[in-house]
file target-v9.csv (CSV, C-alpha atoms)
chain,number,residue,atom,x,y,z
A,1,MET,CA,-2.9,17.4,-83.2
A,2,MET,CA,-2.9,19.6,-80.1
A,3,ARG,CA,-5.7,21.7,-81.5
A,4,ARG,CA,-8.0,18.7,-81.6
A,5,TRP,CA,-7.4,18.2,-77.9
A,6,LEU,CA,-7.7,21.8,-76.8
A,7,LEU,CA,-11.5,22.0,-76.5
A,8,PRO,CA,-11.9,18.5,-74.9
A,9,LEU,CA,-9.3,19.5,-72.3
A,10,VAL,CA,-11.1,22.7,-71.5
A,11,VAL,CA,-14.3,20.7,-71.1
A,12,ALA,CA,-12.4,18.4,-68.7
A,13,ALA,CA,-11.2,21.3,-66.6
A,14,PHE,CA,-14.8,22.7,-66.3
A,15,THR,CA,-16.1,19.2,-65.5
A,16,ALA,CA,-13.5,18.8,-62.8
A,17,PHE,CA,-14.3,22.2,-61.3
A,18,GLY,CA,-18.0,21.4,-61.3
A,19,VAL,CA,-17.5,18.1,-59.6
A,20,TYR,CA,-15.2,19.7,-57.0
A,21,GLN,CA,-17.8,22.3,-56.1
A,22,ALA,CA,-20.7,19.9,-56.2
A,23,THR,CA,-18.9,17.4,-54.0
A,24,LEU,CA,-17.9,20.1,-51.5
A,25,LEU,CA,-21.4,21.3,-51.2
A,26,ALA,CA,-22.9,17.8,-50.9
A,27,THR,CA,-20.4,16.5,-48.3
A,28,PRO,CA,-21.9,18.2,-45.2
A,29,TYR,CA,-25.5,17.1,-46.1
A,30,ALA,CA,-24.4,13.6,-46.8
A,31,LEU,CA,-22.4,13.2,-43.6
A,32,MET,CA,-25.1,14.8,-41.5
A,33,GLN,CA,-27.6,12.4,-43.1
A,34,VAL,CA,-25.4,9.4,-42.1
A,35,VAL,CA,-25.0,10.7,-38.6
A,36,MET,CA,-28.8,11.3,-38.2
A,37,ASN,CA,-29.5,7.8,-39.4
A,38,LYS,CA,-26.8,6.3,-37.2
A,39,ILE,CA,-27.4,8.1,-33.9
A,40,GLY,CA,-31.2,8.4,-34.5
A,41,GLY,CA,-31.5,4.8,-35.5
A,42,GLY,CA,-32.7,3.5,-32.2
A,43,VAL,CA,-34.7,6.5,-31.1
A,44,ALA,CA,-37.9,8.0,-32.6
A,45,VAL,CA,-37.6,11.3,-34.4
A,46,ASN,CA,-38.4,14.3,-32.2
A,47,SER,CA,-37.4,12.6,-29.0
A,48,PHE,CA,-34.1,12.5,-27.0
A,49,GLY,CA,-31.8,9.6,-27.0
A,50,PHE,CA,-29.5,9.5,-24.0
A,51,GLY,CA,-26.2,8.0,-25.1
A,52,GLU,CA,-23.6,6.4,-22.8
A,53,MET,CA,-20.3,8.2,-22.2
A,54,ALA,CA,-17.9,8.0,-25.2
A,55,THR,CA,-15.2,5.3,-25.0
A,56,ALA,CA,-13.0,3.6,-27.5
A,57,ASP,CA,-15.8,1.1,-27.9
A,58,ASN,CA,-18.6,3.7,-28.1
A,59,GLN,CA,-17.9,6.4,-30.7
A,60,PRO,CA,-21.1,7.4,-32.5
A,61,ILE,CA,-19.4,10.3,-34.2
A,62,VAL,CA,-15.7,11.3,-34.9
A,63,ARG,CA,-13.9,13.2,-32.2
A,64,PRO,CA,-16.3,12.5,-29.3
A,65,SER,CA,-15.3,14.0,-26.0
A,66,PRO,CA,-15.0,11.4,-23.2
A,67,ASP,CA,-15.6,14.2,-20.6
A,68,LEU,CA,-19.1,15.1,-21.9
A,69,SER,CA,-22.4,13.3,-21.6
A,70,TYR,CA,-24.2,13.6,-24.9
A,71,SER,CA,-28.0,13.5,-25.5
A,72,VAL,CA,-29.3,13.7,-29.0
A,73,CYS,CA,-32.6,14.5,-30.6
A,74,VAL,CA,-33.0,14.1,-34.4
A,75,PHE,CA,-35.7,16.6,-35.2
A,76,ASP,CA,-38.0,17.2,-38.1
A,77,VAL,CA,-40.1,20.4,-38.3
A,78,SER,CA,-41.8,19.6,-41.5
A,79,GLN,CA,-45.1,18.5,-39.8
A,80,GLY,CA,-44.9,21.1,-37.0
A,81,SER,CA,-42.6,23.0,-34.7
A,82,VAL,CA,-40.4,21.1,-32.2
A,83,LEU,CA,-40.1,22.2,-28.6
A,84,LEU,CA,-37.0,21.6,-26.5
A,85,ASP,CA,-37.1,21.7,-22.7
A,86,ILE,CA,-33.6,21.3,-21.4
A,87,ALA,CA,-33.2,20.6,-17.7
A,88,PRO,CA,-30.4,22.6,-16.1
A,89,VAL,CA,-27.6,20.8,-14.3
A,90,PRO,CA,-26.4,22.9,-11.3
A,91,ASP,CA,-22.8,23.8,-11.0
A,92,HIS,CA,-21.9,22.1,-14.3
A,93,TYR,CA,-21.2,23.3,-17.8
A,94,TRP,CA,-24.0,22.3,-20.1
A,95,SER,CA,-25.3,23.4,-23.4
A,96,VAL,CA,-27.8,22.6,-26.1
A,97,SER,CA,-26.8,23.2,-29.7
A,98,ILE,CA,-29.0,23.0,-32.8
A,99,PHE,CA,-27.4,21.8,-36.0
A,100,ASP,CA,-29.3,22.0,-39.3
A,101,ALA,CA,-29.0,19.5,-42.2
A,102,ARG,CA,-26.0,21.5,-43.6
A,103,THR,CA,-24.2,21.2,-40.3
A,104,ASP,CA,-24.6,24.9,-39.5
A,105,VAL,CA,-25.3,25.9,-35.9
A,106,ALA,CA,-28.8,27.5,-35.7
A,107,ALA,CA,-28.5,28.2,-32.0
A,108,VAL,CA,-26.5,27.4,-28.9
A,109,ARG,CA,-27.6,28.0,-25.3
A,110,SER,CA,-25.5,27.1,-22.3
A,111,ASP,CA,-25.8,27.5,-18.6
A,112,ARG,CA,-24.0,30.8,-19.0
A,113,ASP,CA,-26.7,32.1,-21.3
A,114,THR,CA,-29.7,30.9,-19.2
A,115,GLY,CA,-28.1,31.9,-15.9
A,116,GLY,CA,-28.4,28.3,-14.7
A,117,LYS,CA,-32.1,28.1,-15.6
A,118,ALA,CA,-33.7,25.7,-18.0
A,119,ALA,CA,-33.4,26.3,-21.8
A,120,ARG,CA,-36.8,26.4,-23.6
A,121,LEU,CA,-36.4,26.5,-27.4
A,122,ALA,CA,-39.0,26.3,-30.2
A,123,LEU,CA,-37.5,25.0,-33.5
A,124,LEU,CA,-39.4,26.6,-36.3
A,125,LYS,CA,-39.8,26.8,-40.0
A,126,SER,CA,-41.6,29.7,-41.5
A,127,PRO,CA,-44.5,30.5,-40.9
A,128,GLN,CA,-44.6,28.5,-37.6
A,129,GLN,CA,-44.8,30.5,-34.4
A,130,ALA,CA,-43.1,29.9,-31.0
A,131,PRO,CA,-45.5,29.2,-28.1
A,132,GLU,CA,-45.4,31.5,-25.2
A,133,GLY,CA,-42.4,30.9,-23.0
A,134,TYR,CA,-40.2,29.4,-25.7
A,135,GLU,CA,-37.4,31.1,-27.5
A,136,PRO,CA,-37.8,30.9,-31.3
A,137,VAL,CA,-35.1,29.3,-33.4
A,138,MET,CA,-35.8,29.7,-37.1
A,139,LEU,CA,-34.4,27.0,-39.3
A,140,GLN,CA,-33.5,26.8,-43.0
A,141,HIS,CA,-33.9,23.1,-43.2
A,142,ASP,CA,-36.6,20.7,-42.0
A,143,ARG,CA,-34.3,18.2,-40.3
A,144,GLY,CA,-31.3,18.5,-38.0
A,145,ILE,CA,-29.9,17.5,-34.6
A,146,ALA,CA,-30.3,19.0,-31.1
A,147,LEU,CA,-27.4,18.0,-28.9
A,148,ILE,CA,-27.1,18.4,-25.2
A,149,ARG,CA,-23.5,18.4,-23.7
A,150,ILE,CA,-23.0,18.1,-20.0
A,151,LEU,CA,-19.5,18.2,-18.5
A,152,LEU,CA,-18.7,15.5,-15.9
A,153,ALA,CA,-15.9,16.6,-13.6
A,154,ASN,CA,-15.9,13.1,-12.1
A,155,PRO,CA,-17.2,9.9,-13.7
A,156,ALA,CA,-18.8,9.0,-10.4
A,157,GLU,CA,-21.3,11.8,-11.0
A,158,TYR,CA,-22.8,10.0,-14.0
A,159,PRO,CA,-25.8,8.4,-12.3
A,160,ALA,CA,-26.9,11.8,-10.9
A,161,ILE,CA,-26.3,13.6,-14.1
A,162,ASP,CA,-28.0,10.9,-16.1
A,163,ALA,CA,-31.1,11.2,-14.0
A,164,ILE,CA,-31.3,15.0,-14.5
A,165,ARG,CA,-30.7,14.9,-18.3
A,166,ARG,CA,-33.5,12.3,-18.8
A,167,THR,CA,-36.0,14.9,-17.7
A,168,SER,CA,-35.1,17.0,-20.8
A,169,THR,CA,-37.6,16.6,-23.6
A,170,CYS,CA,-37.9,17.1,-27.4
A,171,ARG,CA,-41.4,16.9,-28.8
A,172,SER,CA,-43.3,17.9,-31.9
A,173,ILE,CA,-46.4,20.0,-32.0
A,174,ILE,CA,-48.4,18.9,-35.0
A,175,GLU,CA,-50.2,21.8,-36.6
B,176,MET,CA,-9.1,8.9,-82.2
B,177,LYS,CA,-12.5,10.2,-83.1
B,178,SER,CA,-13.9,13.5,-81.7
B,179,TRP,CA,-16.5,11.8,-79.4
B,180,GLN,CA,-13.9,9.6,-78.0
B,181,ARG,CA,-11.6,12.5,-77.1
B,182,TYR,CA,-14.6,14.3,-75.4
B,183,SER,CA,-15.6,11.2,-73.5
B,184,LEU,CA,-12.1,10.5,-72.3
B,185,CYS,CA,-11.6,14.1,-71.1
B,186,ILE,CA,-15.0,14.3,-69.4
B,187,ALA,CA,-14.1,11.0,-67.6
B,188,LEU,CA,-10.8,12.5,-66.6
B,189,GLY,CA,-12.6,15.6,-65.3
B,190,LEU,CA,-15.0,13.6,-63.3
B,191,VAL,CA,-12.3,11.4,-61.7
B,192,GLY,CA,-9.9,14.4,-61.3
B,193,GLY,CA,-12.6,16.5,-59.6
B,194,VAL,CA,-13.4,13.8,-57.1
B,195,VAL,CA,-9.7,13.0,-56.4
B,196,PHE,CA,-9.0,16.7,-55.9
B,197,THR,CA,-12.0,17.2,-53.6
B,198,VAL,CA,-11.0,14.2,-51.5
B,199,HIS,CA,-7.4,15.5,-51.3
B,200,GLN,CA,-8.5,19.0,-50.3
B,201,VAL,CA,-11.0,17.9,-47.7
B,202,ARG,CA,-8.7,15.3,-46.1
B,203,SER,CA,-5.6,17.5,-46.1
B,204,GLY,CA,-6.8,19.1,-42.9
B,205,LEU,CA,-7.5,22.6,-42.0
B,206,ALA,CA,-4.1,24.0,-43.1
B,207,GLU,CA,-5.5,26.7,-45.3
B,208,GLY,CA,-7.0,29.5,-43.3
B,209,ALA,CA,-6.0,27.8,-40.1
B,210,ILE,CA,-4.6,29.8,-37.2
B,211,THR,CA,-1.3,28.5,-35.8
B,212,ASN,CA,-0.1,28.9,-32.2
B,213,GLY,CA,3.0,26.8,-31.5
B,214,ALA,CA,2.2,23.2,-32.2
B,215,TRP,CA,-1.6,23.9,-32.2
B,216,THR,CA,-3.9,24.9,-35.1
B,217,THR,CA,-7.5,26.1,-35.0
B,218,GLY,CA,-10.1,27.6,-37.2
B,219,LYS,CA,-12.6,30.3,-36.2
B,220,SER,CA,-15.6,29.2,-38.4
B,221,PHE,CA,-16.5,25.8,-37.0
B,222,GLY,CA,-20.2,25.2,-37.1
B,223,THR,CA,-21.1,28.7,-38.4
B,224,ALA,CA,-22.9,29.8,-41.5
B,225,ASP,CA,-19.9,31.9,-42.2
B,226,ALA,CA,-17.7,28.9,-43.0
B,227,ASP,CA,-16.9,28.4,-46.6
B,228,ALA,CA,-17.8,25.2,-48.4
B,229,LEU,CA,-14.3,23.7,-48.0
B,230,THR,CA,-14.1,24.4,-44.3
B,231,ARG,CA,-17.6,23.1,-43.8
B,232,ALA,CA,-16.8,19.9,-45.7
B,233,ARG,CA,-13.6,19.5,-43.6
B,234,VAL,CA,-15.3,20.0,-40.3
B,235,ALA,CA,-18.1,17.7,-41.4
B,236,LEU,CA,-15.5,15.0,-42.0
B,237,GLY,CA,-13.3,15.6,-39.0
B,238,GLY,CA,-15.4,17.3,-36.4
B,239,LEU,CA,-19.1,17.1,-37.1
B,240,LEU,CA,-21.3,18.8,-34.6
B,241,ALA,CA,-18.5,21.1,-33.5
B,242,LEU,CA,-19.5,24.2,-31.6
B,243,PRO,CA,-18.9,27.8,-32.8
B,244,ALA,CA,-15.8,29.5,-31.4
B,245,LYS,CA,-17.6,31.7,-28.9
B,246,GLU,CA,-18.9,28.5,-27.2
B,247,ALA,CA,-15.8,26.3,-27.6
B,248,MET,CA,-12.5,26.6,-29.4
B,249,TYR,CA,-10.9,23.4,-30.7
B,250,PHE,CA,-7.1,23.4,-31.0
B,251,THR,CA,-5.4,20.4,-32.7
B,252,ALA,CA,-1.8,19.4,-32.5
B,253,ARG,CA,-0.3,16.8,-34.9
B,254,VAL,CA,3.3,17.7,-34.2
B,255,ASP,CA,5.3,18.4,-31.1
B,256,GLY,CA,7.0,21.7,-30.2
B,257,ALA,CA,9.9,20.9,-32.5
B,258,GLY,CA,7.6,20.2,-35.5
B,259,LYS,CA,8.0,16.4,-35.4
B,260,PRO,CA,4.8,14.3,-36.0
B,261,LEU,CA,3.3,12.9,-32.8
B,262,ASP,CA,4.2,9.3,-32.5
B,263,GLY,CA,2.4,6.9,-30.2
B,264,ARG,CA,5.6,5.0,-29.4
B,265,CYS,CA,7.2,8.1,-27.9
B,266,THR,CA,6.7,9.9,-24.6
B,267,TYR,CA,5.8,13.6,-24.4
B,268,LEU,CA,5.4,16.2,-21.6
B,269,VAL,CA,2.5,18.5,-22.1
B,270,SER,CA,2.6,21.5,-19.9
B,271,GLY,CA,1.1,25.0,-19.6
B,272,GLY,CA,-0.2,27.7,-17.4
B,273,LYS,CA,-3.8,29.0,-16.8
B,274,LEU,CA,-5.7,28.7,-20.1
B,275,ASP,CA,-7.8,31.7,-21.0
B,276,GLY,CA,-11.3,30.1,-20.8
B,277,ARG,CA,-13.8,28.5,-18.4
B,278,TRP,CA,-12.7,24.9,-18.7
B,279,TRP,CA,-10.4,22.8,-20.9
B,280,SER,CA,-9.5,19.2,-21.7
B,281,VAL,CA,-7.0,17.5,-24.0
B,282,THR,CA,-8.1,14.4,-25.8
B,283,LEU,CA,-6.0,11.9,-27.8
B,284,TYR,CA,-7.2,10.6,-31.1
B,285,GLU,CA,-5.9,8.5,-34.0
B,286,GLY,CA,-6.8,8.6,-37.6
B,287,VAL,CA,-9.6,11.0,-38.5
B,288,GLY,CA,-10.6,11.3,-34.8
B,289,TRP,CA,-11.1,8.0,-33.0
B,290,LEU,CA,-10.4,7.4,-29.3
B,291,VAL,CA,-7.6,4.9,-28.9
B,292,HIS,CA,-8.0,1.5,-27.1
B,293,ASN,CA,-5.7,1.4,-24.1
B,294,ALA,CA,-5.5,-0.6,-20.9
B,295,ALA,CA,-6.2,2.4,-18.6
B,296,ASN,CA,-9.4,3.3,-20.5
B,297,ARG,CA,-8.4,6.9,-20.4
B,298,TRP,CA,-8.7,9.1,-23.4
B,299,SER,CA,-8.4,12.7,-22.1
B,300,ILE,CA,-6.9,14.8,-19.4
B,301,PRO,CA,-9.4,17.5,-18.1
B,302,ALA,CA,-8.1,20.6,-16.4
B,303,HIS,CA,-8.6,19.3,-12.9
B,304,ALA,CA,-6.8,16.0,-13.6
B,305,ALA,CA,-3.5,17.5,-14.7
B,306,ASP,CA,-0.6,17.6,-12.2
B,307,GLN,CA,-0.5,21.0,-10.5
B,308,HIS,CA,2.8,22.6,-9.7
B,309,GLU,CA,3.8,25.3,-7.2
B,310,ASN,CA,4.6,27.9,-9.9
B,311,GLY,CA,1.0,27.8,-11.2
B,312,LEU,CA,1.9,25.6,-14.1
B,313,TRP,CA,0.3,22.2,-14.8
B,314,SER,CA,1.5,19.2,-16.8
B,315,PHE,CA,0.7,15.6,-17.8
B,316,THR,CA,2.6,12.9,-19.7
B,317,VAL,CA,1.5,11.3,-23.0
B,318,SER,CA,3.1,7.9,-23.3
B,319,PRO,CA,2.5,4.3,-24.4
B,320,ASP,CA,3.6,3.2,-20.9
B,321,GLU,CA,2.1,4.0,-17.5
B,322,GLN,CA,3.7,7.1,-16.0
B,323,PRO,CA,3.7,8.5,-12.5
B,324,GLY,CA,1.2,11.4,-12.1
B,325,ALA,CA,-1.3,12.4,-14.8
B,326,TRP,CA,-0.9,10.0,-17.7
B,327,LEU,CA,-2.6,10.1,-21.1
B,328,PRO,CA,-2.0,6.7,-22.9
B,329,THR,CA,-1.2,6.6,-26.6
B,330,GLY,CA,-2.1,2.9,-26.9
B,331,GLY,CA,1.2,2.6,-28.9
B,332,VAL,CA,-0.4,3.7,-32.1
B,333,GLU,CA,1.8,4.9,-34.9
B,334,ALA,CA,0.4,8.4,-35.1
B,335,PHE,CA,-2.0,10.4,-33.1
B,336,ASP,CA,-3.2,14.0,-32.5
B,337,LEU,CA,-4.2,15.9,-29.5
B,338,THR,CA,-7.3,18.1,-29.4
B,339,LEU,CA,-7.5,20.9,-26.8
B,340,ARG,CA,-11.1,22.0,-26.1
B,341,LEU,CA,-11.4,25.4,-24.5
B,342,TYR,CA,-15.0,26.1,-23.4
B,343,HIS,CA,-16.2,29.7,-23.1
B,344,PRO,CA,-12.9,31.2,-24.2
B,345,SER,CA,-12.1,34.7,-23.2
B,346,ALA,CA,-12.7,37.6,-25.5
B,347,ALA,CA,-8.9,38.0,-26.0
B,348,MET,CA,-8.5,34.4,-27.0
B,349,LEU,CA,-11.4,34.7,-29.4
B,350,ALA,CA,-10.0,37.8,-30.9
B,351,ASP,CA,-6.5,36.5,-31.4
B,352,PRO,CA,-6.0,32.8,-30.8
B,353,ALA,CA,-2.5,33.0,-32.3
B,354,LYS,CA,-1.3,34.9,-29.3
B,355,GLY,CA,-3.2,33.1,-26.5
B,356,LEU,CA,-1.4,31.0,-24.0
B,357,LEU,CA,-1.5,27.3,-25.0
B,358,PRO,CA,0.4,24.2,-23.7
B,359,THR,CA,3.8,23.2,-25.0
B,360,ILE,CA,4.4,19.6,-26.2
B,361,GLN,CA,8.0,18.3,-25.5
B,362,ARG,CA,9.1,15.0,-26.9
B,363,GLN,CA,11.1,12.9,-24.6
B,364,GLU,CA,12.2,9.3,-25.3
B,365,CYS,CA,10.9,6.9,-27.9
B,366,GLN,CA,10.6,3.1,-27.9

call {"tool": "encode", "arguments": {"input": "target-v9.csv", "output": "structure tokens"}}
result
Amino acid sequence: MMRRWLLPLVVAAFTAFGVYQATLLATPYALMQVVMNKIGGGVAVNSFGFGEMATADNQPIVRPSPDLSYSVCVFDVSQGSVLLDIAPVPDHYWSVSIFDARTDVAAVRSDRDTGGKAARLALLKSPQQAPEGYEPVMLQHDRGIALIRILLANPAEYPAIDAIRRTSTCRSIIE
Amino acid sequence: MKSWQRYSLCIALGLVGGVVFTVHQVRSGLAEGAITNGAWTTGKSFGTADADALTRARVALGGLLALPAKEAMYFTARVDGAGKPLDGRCTYLVSGGKLDGRWWSVTLYEGVGWLVHNAANRWSIPAHAADQHENGLWSFTVSPDEQPGAWLPTGGVEAFDLTLRLYHPSAAMLADPAKGLLPTIQRQECQ
């Protein structure tokens, strides 16, 4: 009796392990795809969307920080490299981070890294080349998210910060 | 039972069991491999290619677009200093000294990480908003009811967690977050 079930149970164990590994590997891609569709829904690919401050009624992603202003560009380098020009915000923490389709961070540059100057990044896929004046960021996936975070010490600063961040650009260079 | 029926049944069990086990592992938090410091836990691989598949799946679910540790460290507390789960019907005193980084804030979330509706429309206490004391310490109160001084509302939810963001942490904190100075969470009265 038990012998007839032995091999099927071994097959069940291997199946469960395979499903476990496959689901784990697929989860980041699937969730990133959902987020790119959600936050990029109203904005063209390769251009920044400037979201409102996170509140209980405005939570585009889980665990948003209500102290940070978020600006998001859903990028796609399949047709050409994507250039990011990030405007500096004097005397404030700010950063731009590049997440690929697997949720890994391809690059982060903050005001500490740039010495308070603008960040100029070229998102690339081999064999694309960075134009002069842009720091190359080589990607393993075509799509991803560029995210600007700016710390607001005081909510009253928002109009001034909002005006500065809207001068940041995300644009594709078709090759 | 015929042979093909046994195999079909076991394969179906394997498929269901694999999915259930994955969901359990991903949703069970970052307990495995997490670094504990008092009531707080953190991981050091958020957002990096070094993260293993399980960590990456957990971060994708609970903290998508998180920064790597050298840029920001995320400490989460789901219990108070005595190990009791944080309850939105209770009042807590959160206090600490100078934290070893450039800037910090503490945000209150419910569930997998949602900001809580509350009458004050306040969801976090940044460093500059905490009550400062003469001895160099700071504090704020977490409570469902309005409190004097710096107050972080719970909205009266059944359970919540606190996330401490520490931006540009020091080299010492990065090297050994288990020994860095972090706030204490003291439970006071409950409704």

call {"tool": "interface_residues", "arguments": {"input": "target-v9.csv", "of": "chain A", "to": "chain B", "cutoff": "8 Å", "atoms": "all atoms listed in the file", "output": "MDAnalysis selection string"}}
result
chainID A and resid 4:5 8:9 11:20 23:25 27:28 31:32 55:57 59 61:67 97 99 103:105 108 153

call {"tool": "atom_distance", "arguments": {"input": "target-v9.csv", "atom1": "CA of Ser314 (chain B)", "atom2": "CA of Ala295 (chain B)"}}
result
18.6 Å

call {"tool": "residues_around", "arguments": {"input": "target-v9.csv", "residues": "region 144-148 of chain A", "least_positions_apart": "3", "cutoff": "7 Å", "atoms": "only C-alpha atoms", "output": "MDAnalysis selection string"}}
result
chainID A and resid 70:76 95:101

call {"tool": "closest_residue", "arguments": {"input": "target-v9.csv", "among": "B:Gly272, B:Pro323, B:Pro352, B:Gly263", "to": "Glu364 (chain B)", "atoms": "all atoms listed in the file"}}
result
B:Gly263

call {"tool": "closest_residue", "arguments": {"input": "target-v9.csv", "among": "A:Val77, A:Ile164, A:Ala30, A:Ala130", "to": "Ala118 (chain A)", "atoms": "all atoms listed in the file"}}
result
A:Ile164

call {"tool": "closest_residue", "arguments": {"input": "target-v9.csv", "among": "B:Arg202, B:Phe315, B:Ala209, B:Ala247", "to": "Thr359 (chain B)", "atoms": "all atoms listed in the file"}}
result
B:Phe315

call {"tool": "atom_distance", "arguments": {"input": "target-v9.csv", "atom1": "CA of Asp255 (chain B)", "atom2": "CA of Val269 (chain B)"}}
result
9.4 Å

call {"tool": "atom_distance", "arguments": {"input": "target-v9.csv", "atom1": "CA of Ile86 (chain A)", "atom2": "CA of Gly116 (chain A)"}}
result
11.0 Å

call {"tool": "decode", "arguments": {"input": "target-v9.csv", "residues": "region 42-106 of chain A", "atoms": "C-alpha atoms", "output": "short mmCIF file (atom, residue, chain, number, x, y, z; two decimals), in the first residue's frame"}}
result
data_model
loop_
_atom_site.label_atom_id
_atom_site.label_comp_id
_atom_site.auth_asym_id
_atom_site.auth_seq_id
_atom_site.Cartn_x
_atom_site.Cartn_y
_atom_site.Cartn_z
CA GLY A 42 -1.45 58.51 -16.08
CA VAL A 43 2.00 59.47 -17.32
CA ALA A 44 3.82 58.61 -20.55
CA VAL A 45 6.74 56.18 -20.39
CA ASN A 46 10.09 57.98 -20.16
CA SER A 47 8.71 61.10 -18.52
CA PHE A 48 8.35 62.13 -14.89
CA GLY A 49 5.07 62.10 -13.02
CA PHE A 50 5.02 64.38 -9.99
CA GLY A 51 2.86 62.83 -7.32
CA GLU A 52 1.20 64.57 -4.42
CA MET A 53 2.47 63.98 -0.89
CA ALA A 54 1.47 60.60 0.55
CA THR A 55 -1.56 60.63 2.84
CA ALA A 56 -3.99 57.97 4.03
CA ASP A 57 -6.02 58.76 0.90
CA ASN A 58 -3.05 58.79 -1.48
CA GLN A 59 -0.87 55.69 -1.20
CA PRO A 60 0.37 54.58 -4.62
CA ILE A 61 2.73 52.03 -3.03
CA VAL A 62 2.95 50.29 0.33
CA ARG A 63 4.92 52.02 3.09
CA PRO A 64 5.05 55.48 1.52
CA SER A 65 6.84 58.13 3.56
CA PRO A 66 4.61 61.14 4.29
CA ASP A 67 7.78 63.25 4.76
CA LEU A 68 9.04 62.80 1.23
CA SER A 69 7.96 64.22 -2.10
CA TYR A 70 8.04 61.47 -4.74
CA SER A 71 8.49 61.90 -8.47
CA VAL A 72 8.43 58.82 -10.68
CA CYS A 73 9.54 57.98 -14.20
CA VAL A 74 8.66 54.57 -15.62
CA PHE A 75 11.43 54.06 -18.14
CA ASP A 76 12.01 51.74 -21.06
CA VAL A 77 15.45 51.56 -22.68
CA SER A 78 14.47 49.02 -25.36
CA GLN A 79 14.25 51.73 -28.06
CA GLY A 80 17.16 53.84 -26.85
CA SER A 81 18.93 55.13 -23.78
CA VAL A 82 17.04 57.26 -21.25
CA LEU A 83 18.54 60.45 -19.85
CA LEU A 84 17.74 61.76 -16.38
CA ASP A 85 18.43 65.36 -15.41
CA ILE A 86 17.62 65.79 -11.75
CA ALA A 87 17.35 69.32 -10.38
CA PRO A 88 19.09 69.84 -7.03
CA VAL A 89 17.11 71.15 -4.07
CA PRO A 90 19.37 73.36 -1.93
CA ASP A 91 19.69 72.48 1.76
CA HIS A 92 17.42 69.45 1.51
CA TYR A 93 18.02 65.73 1.36
CA TRP A 94 17.13 64.49 -2.11
CA SER A 95 18.02 61.42 -4.10
CA VAL A 96 17.26 59.68 -7.34
CA SER A 97 17.18 55.89 -7.34
CA ILE A 98 16.94 53.54 -10.30
CA PHE A 99 15.07 50.25 -9.79
CA ASP A 100 15.06 47.58 -12.47
CA ALA A 101 12.19 45.21 -13.28
CA ARG A 102 13.45 42.75 -10.64
CA THR A 103 13.28 45.50 -7.95
CA ASP A 104 17.08 45.70 -7.66
CA VAL A 105 18.67 49.12 -7.26
CA ALA A 106 20.82 49.87 -10.31
#
